[in-house]
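Working notes for the structure below.
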Amino acid sequence: MQSRTPHARVGRPRSAAADAAILAATRAALVELGWSKLTLQDVATRAGVAKTTLYRRWAGKNELVVDAVAELFDELRLPDRGSLAADIEGVVLQFAAILARPEARSGLMAVVAESTRDAALRERIRTSIVDRQKRLVLQGRERAQARGELPGEDDAAAAARTADLIFDVVAGAVVHRTLVSAEPADEEWVRRFTQLLLLGLGDAARAGFAGTAGQGGPDGTDARGRDG
């Protein structure tokens, strides 16, 4: 009897070196040409690959630029500085430094603008950039809980909502500061922002409504009232 084991896909394996060259070329083209003049042919020429190589990996310019920007944010690491405040300051300073780079600034603003007309692009930004970087919030919270700086959370759904909110607050504040207001997110600003963030986290933990803000309890009271 013949084996019915599925055949392995035949073809040239995807080259990590080619991917890296293409993404680097995309960022260089963004800085030099800007979004409107960037073409896949220009990127292919800069990367030293055939244009068809790009089309085998990315459907078009939008997706390519998102992945080129996402690779920059993948450089973010949560430092272990001994306290939640110091850890937050460390990662926020890294984030601000990445946003200060011309390729990150031009690329992020371009794809966000394009995504207002493209639901698929919004989804790619969410999965490739936002969801991947939420790992930093989860790591930081877990570390702070192990130190006893934050209470544990038994409700997994509420904990996930809290992580989403923390990410939105941090990312929104830093992006607005650096890209919209065009002000520096220097060490002094980051220190004051971190203090404000931790005051909010502390109040939420003491009130017992972290992750459930705006949701009424069974008796119609909010979580703050429910805790007395």
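Identifiers for the structure tokens are assigned positionally: chains receive A, B, ... in sequence, residues are indexed from 1 per chain, and ligands are indexed from 1 in the order shown.
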Practice item. Would you list the contacts of segment 172-189 of chain A as a PyMOL selection string, taking every protein, DNA or RNA residue within 9 Å and counting only C-alpha atoms, but skipping same-chain residues closer than 2 positions in sequence? Key: chain A and resi 89+92-93+95-97+99-100+105+109+167-170+191-194
Point to revise | Close residues, Ala18 of chain A itself excluded, 10 Å, only C-alpha atoms, min 3 positions apart in chain, as a PyMOL selection string | key: chain A and resi 14-15+21-24+47-49+53-54
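Take atom CA of Leu64 of chain A and atom CA of Asp164 of chain A: the distance between them is 25.7 Å.
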10 Å contact set for Thr45 of chain A, only C-alpha atoms, chain neighbours under 5 positions out, as a PDB file with C-alpha atoms, in the first residue's frame:
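Output file out-v1.pdb follows:
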ATOM      1  CA  ILE A  22      14.850  44.255   1.685  1.00  0.00           C
ATOM      2  CA  ALA A  25      16.444  49.028   1.821  1.00  0.00           C
ATOM      3  CA  LEU A  40       9.039  48.317  -4.963  1.00  0.00           C
ATOM      4  CA  ALA A  50      14.587  40.880  -8.250  1.00  0.00           C
ATOM      5  CA  LYS A  51      11.287  42.719  -7.975  1.00  0.00           C
TER       6      LYS A  51
END
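Separating atom CA of Leu136 of chain A from atom CA of Thr162 of chain A is a distance of 13.2 Å.
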Review point. Do you know which residues are at most 8 Å from Val91 of chain A counting only C-alpha atoms, after dropping those on the same chain fewer than 4 positions away, and could you put them as a ChimeraX atom specification?
Key: /A:76-79,87,95
Practice item. For segment 81-83 of chain A, list every protein, DNA or RNA residue within 10 Å, evaluated using only C-alpha atoms, and leave out those in the same chain fewer than 5 positions away; present the list as a list in words. Key: Ile88, Glu89, Gly90, Gly140, Arg143, Ala144, Arg147 and Glu149 of chain A
Revision key, fill the gap. Using only C-alpha atoms, the best pick from A:Asp19, A:Asp74, A:Ala68, A:Gly107 as closest to Gly34 of chain A would be A:Gly107
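What separates atom CA of Leu138 of chain A from atom CA of Leu150 of chain A is a distance of 12.4 Å.
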